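Enquirer: Right, I'll just put the structure down here and ask away after.
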Amino acid sequence: MKLLPVVLVAVAIAYYVYIPLPDNIEQPWKVMLLDTGFRTGMHLSSLKTWLGYGSNMEYVKYFMESSDDLLIRLFGSESSQWPGVKVSDIIFTGVPVRVYEPPAGGEGHLRRGIMFIHGGGWTIGSTKTAVYDMFCRMMSDELNAVVVSVEYRMYPEVHFPVPYLDCLTAAKHFLSREVLTRYAIDPERIAVSGDSAGGNLAAAIAQEISVDDTMSVKFSVQTLIYPALQALDFKTPSYMQNEFVPPLYLSYLVQFWLQYLAGDISLLSQCLANNHSSLQHSKITPELRARLDWTVLLPPKYKKNYKRVIVEKVSQGAVKEVPGLLDVRASPLLAGPEVLAKCPRAYIVTCEHDVLRDDGLMYTRRLQDAGVKVTSIHYENGFHGFFSLIFWPYVCP
């Protein structure tokens with residue numbers, strides 16, 4: 001009888017942690033661990049909001065940062081693997097950045113340059129988050145590159161377009177002749193990169209810089225790791241197929257979008273049903289819809305038996321209340337072909353078990369149609385956030 005409480009607690013924990021996963025995901029326990037940590041943060045933050053103790057995302061941020069600190073204490077930091085990388089926290093025109101300089105130095109030759117933008121749903125994560133810090137150290141050392149990681153402002157302190165503008169400001173400063181000379185960076189070999197929400201910002205920055213005639217130096221490569229690129233159609237095949245696949249559930253993604261765009265969270269159910277992009281919203285023109293028409297843009301193998309969902313009529317107000325939904329700075333997939341044609345060549349990573357899969361695949365096709373060279377890497381057994389497992393069993397969606 002004394003063991004009964006222990007058994008009951010063990011069963012309860014197992015029930016909470018276990019979740020059905022696609023058969024081809026390797027090391028499913030890691031996915032469950034990631035999911036459990038993130039779900040716990042979301043649940044506790046929702047409870048905090050319900051009790052009247054402020055924004056739920058404030059607690060999520062605190063929970064994830066605390067988890068990061070705990071992991072470092074338990075397992076130690078792997079940053080010692082790259083002892084020669086010099087790390088500096090400085091300011092680029094008012095925007096905090098962390099700069100990583102490779103041990104090789106710049107004497108006598110020019111190095112690569114990389115601007116990295118972390119993910120986290122425009123809400124969580126930091127340049128100092130262990131996985132991002134170690135990844136930037138590794139890139140700097142192995143690629144002999146000066147890496148600039150941007151500490152952009154996030155929700156709930158700010159909304160769109162502030163994170164975008166912070167990254168754009170940092171990018172323009174980074175690409176200035178003065179900075180490139182100071183760090184001995186080759187102006188012909190500079191990339192912008194990001195994962196998830198960071199991939200969104202990286203794509204948007206790459207577009208803006210590419211059409212800015214005042215910029216004498218532009219990015220030569222954009223690397224987008226499972227990027228979020230549009231918020232008009234939440235009924236593409238990958239959204240429907242992976243709606244309940246951890247760790248980035250579709251409801252979480254839509255919540256992150258609404259928070260980023262300063263939308264009312266009560267619109268979440270409307271967005272999940274695609275009511276926010278119904279035919280009665282005249283601002284969503286046929287031309288805009290064509291730019292994310294998955295029935296045309298996706299390869300046949302990903303369409304399967306899904307049908308396109310376009311709502312004809314719904315109550316007024318959803319798009320009006322979230323005008324950023326139609327802004328290409330928030331949704332790079334909506335950019336016109338004339339903009340895409342000027343973009344740098346791209347390296348785009350997508351995962352089969354990720355709600356954002358189709359965003360990346362559609363952007364790949366649209367860039368290719370515009371004449372841009374794209375390297376598309378698709379992981380059939382991949383899931384959102386796998387990038388974070390390079391070092392830690394920890395994820396920022």
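For the structure tokens, the naming scheme is as follows: chains receive sequential letters (A, B, ...) according to their order of presentation, residues are indexed from 1 within each chain, and ligands are indexed from 1 in presentation order.
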May I have the residues within 10 Å of region 361-367 of chain A as a ChimeraX atom specification, using only C-alpha atoms and disregarding those fewer than 3 positions away in the same chain?

Expert: /A:203,226-227,229-230,291-299,302,332-337,339-351,356-358,370-378

Enquirer: Please write the residues from the selection above to a file, keeping C-alpha atoms, as a compact mmCIF listing (two decimals), in the first residue's frame.

Expert:
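selection_3.txt, written as the output of this step:
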# COMPACT_ATOMS: atom_id res chain seq x y z
CA ALA A 203 13.30 36.52 -44.92
CA TYR A 226 11.51 26.09 -40.74
CA PRO A 227 10.37 29.72 -41.17
CA LEU A 229 6.09 33.12 -43.61
CA GLN A 230 2.35 33.84 -43.71
CA ARG A 291 0.88 34.05 -53.78
CA LEU A 292 0.08 31.40 -51.20
CA ASP A 293 -2.08 29.02 -53.22
CA TRP A 294 -0.71 25.70 -52.02
CA THR A 295 -2.66 23.78 -54.68
CA VAL A 296 -0.29 25.35 -57.23
CA LEU A 297 2.88 25.90 -55.21
CA LEU A 298 3.29 22.59 -53.36
CA PRO A 299 4.78 19.46 -54.95
CA TYR A 302 2.60 17.07 -50.04
CA PRO A 332 7.22 37.55 -46.61
CA LEU A 333 5.37 34.93 -48.67
CA LEU A 334 3.00 37.70 -49.80
CA ALA A 335 5.80 39.67 -51.50
CA GLY A 336 5.44 40.30 -55.23
CA PRO A 337 7.61 38.54 -57.83
CA VAL A 339 10.72 41.79 -54.95
CA LEU A 340 11.52 38.09 -54.84
CA ALA A 341 13.56 38.35 -58.03
CA LYS A 342 16.04 40.63 -56.26
CA CYS A 343 16.44 38.42 -53.20
CA PRO A 344 19.69 36.59 -52.45
CA ARG A 345 20.01 32.88 -53.08
CA ALA A 346 18.38 30.81 -50.39
CA TYR A 347 18.92 27.72 -48.26
CA ILE A 348 15.57 26.65 -46.80
CA VAL A 349 15.06 23.87 -44.25
CA THR A 350 11.64 22.23 -43.75
CA CYS A 351 10.37 19.29 -41.70
CA LEU A 356 5.23 25.38 -40.92
CA ARG A 357 6.40 22.87 -43.53
CA ASP A 358 4.29 24.33 -46.35
CA ALA A 370 11.30 34.43 -59.64
CA GLY A 371 14.69 33.14 -60.81
CA VAL A 372 16.39 32.82 -57.41
CA LYS A 373 18.62 29.80 -56.76
CA VAL A 374 17.28 27.81 -53.80
CA THR A 375 18.71 24.82 -51.96
CA SER A 376 15.78 23.06 -50.32
CA ILE A 377 16.50 20.59 -47.51
CA HIS A 378 13.51 18.58 -46.29

Enquirer: Pick out the residues sitting within 10 Å of Trp122 (chain A), and hand them over as number ranges by chain; count only C-alpha atoms, and ignore anything fewer than 2 positions along from it in its own chain.

Expert: A: 118-120, 124-125, 152-156, 158-160, 163-164, 196-198, 200-201, 256-257, 259-261, 397

Enquirer: Please report, as a PyMOL selection string, each residue of region 26-254 of chain A to which DSSP assigns alpha helix (DSSP H) when run on this structure's backbone.

Expert: chain A and resi 28-50+56-75+130-142+162-174+177-182+197-211+237-241+250-254

Enquirer: With distances taken over only C-alpha atoms, which residue among A:Thr236, A:Thr36, A:Ser193, A:Ser210 lies nearest Phe116 (chain A)?

Expert: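 Comparing A:Thr236, A:Thr36, A:Ser193, A:Ser210 against Phe116 (chain A), the winner is A:Ser193.
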
Enquirer: If you run DSSP on the backbone, which residues of region 199-347 of chain A are strand (DSSP E), as a list in words?

Expert: Val221, Gln222, Thr223, Leu224, Ile225, Arg345, Ala346 and Tyr347 of chain A

Enquirer: Include N, CA, C and O atoms and write out the residues we just selected as a PDB file, in the first residue's frame.

Expert:
ATOM      1  N   VAL A 221      23.318  35.584 -49.195  1.00  0.00           N
ATOM      2  CA  VAL A 221      22.642  34.325 -48.901  1.00  0.00           C
ATOM      3  C   VAL A 221      21.624  34.551 -47.784  1.00  0.00           C
ATOM      4  O   VAL A 221      21.855  35.352 -46.881  1.00  0.00           O
ATOM      5  N   GLN A 222      20.501  33.837 -47.863  1.00  0.00           N
ATOM      6  CA  GLN A 222      19.550  33.803 -46.748  1.00  0.00           C
ATOM      7  C   GLN A 222      19.326  32.340 -46.376  1.00  0.00           C
ATOM      8  O   GLN A 222      19.059  31.500 -47.237  1.00  0.00           O
ATOM      9  N   THR A 223      19.456  32.024 -45.099  1.00  0.00           N
ATOM     10  CA  THR A 223      19.255  30.663 -44.612  1.00  0.00           C
ATOM     11  C   THR A 223      18.066  30.670 -43.663  1.00  0.00           C
ATOM     12  O   THR A 223      18.112  31.295 -42.603  1.00  0.00           O
ATOM     13  N   LEU A 224      17.005  29.984 -44.078  1.00  0.00           N
ATOM     14  CA  LEU A 224      15.751  30.006 -43.325  1.00  0.00           C
ATOM     15  C   LEU A 224      15.458  28.603 -42.803  1.00  0.00           C
ATOM     16  O   LEU A 224      15.269  27.663 -43.579  1.00  0.00           O
ATOM     17  N   ILE A 225      15.415  28.466 -41.484  1.00  0.00           N
ATOM     18  CA  ILE A 225      15.197  27.164 -40.847  1.00  0.00           C
ATOM     19  C   ILE A 225      13.750  27.101 -40.363  1.00  0.00           C
ATOM     20  O   ILE A 225      13.344  27.874 -39.505  1.00  0.00           O
ATOM     21  N   ARG A 345      20.260  34.328 -53.009  1.00  0.00           N
ATOM     22  CA  ARG A 345      20.014  32.881 -53.082  1.00  0.00           C
ATOM     23  C   ARG A 345      19.681  32.358 -51.690  1.00  0.00           C
ATOM     24  O   ARG A 345      20.091  32.937 -50.679  1.00  0.00           O
ATOM     25  N   ALA A 346      18.945  31.263 -51.658  1.00  0.00           N
ATOM     26  CA  ALA A 346      18.381  30.813 -50.387  1.00  0.00           C
ATOM     27  C   ALA A 346      18.713  29.358 -50.076  1.00  0.00           C
ATOM     28  O   ALA A 346      18.875  28.533 -50.982  1.00  0.00           O
ATOM     29  N   TYR A 347      18.780  29.074 -48.792  1.00  0.00           N
ATOM     30  CA  TYR A 347      18.920  27.716 -48.258  1.00  0.00           C
ATOM     31  C   TYR A 347      17.770  27.572 -47.264  1.00  0.00           C
ATOM     32  O   TYR A 347      17.746  28.242 -46.226  1.00  0.00           O
TER      33      TYR A 347
END

Enquirer: From the set A:Asn144, A:Ser149, A:Asn275, A:Thr127, which residue has the shortest atom-to-atom contact distance to Pro102 (chain A), counting only C-alpha atoms?

Expert: A:Asn144

Enquirer: Suppose you want the space between CA of Asp23 (chain A) and CA of His353 (chain A); what is it in Å?

Expert: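 CA of Asp23 (chain A) sits 10.6 Å away from CA of His353 (chain A).
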
Enquirer: Could you check the closest approach to Ala228 (chain A) for each of A:Val309, A:Leu253, A:Val162, A:Val245 and tell me which residue wins, using only C-alpha atoms?

Expert: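 Counting only C-alpha atoms, the residue closest to Ala228 (chain A) is A:Leu253.
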
Enquirer: My list of candidates is A:Asp327, A:Asp369, A:Glu380, A:Glu287. Which is closest to Pro161 (chain A) when distances are computed with only C-alpha atoms?

Expert: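 Looking at the shortest contact to Pro161 (chain A), the residue is A:Asp327.
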
Enquirer: Could you pull the residues within 12 Å of Glu26 (chain A), counting only C-alpha atoms, minus those fewer than 3 positions along the same chain, as a PyMOL selection string?

Expert: chain A and resi 21-23+29-32+353+379-383+386

Enquirer: Here is a test: counting only C-alpha atoms, which residue of A:Ile117, A:Leu268, A:Leu175, A:Leu168 is nearest to Glu208 (chain A)?

Expert: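 Smallest distance to Glu208 (chain A) is found for A:Leu168.
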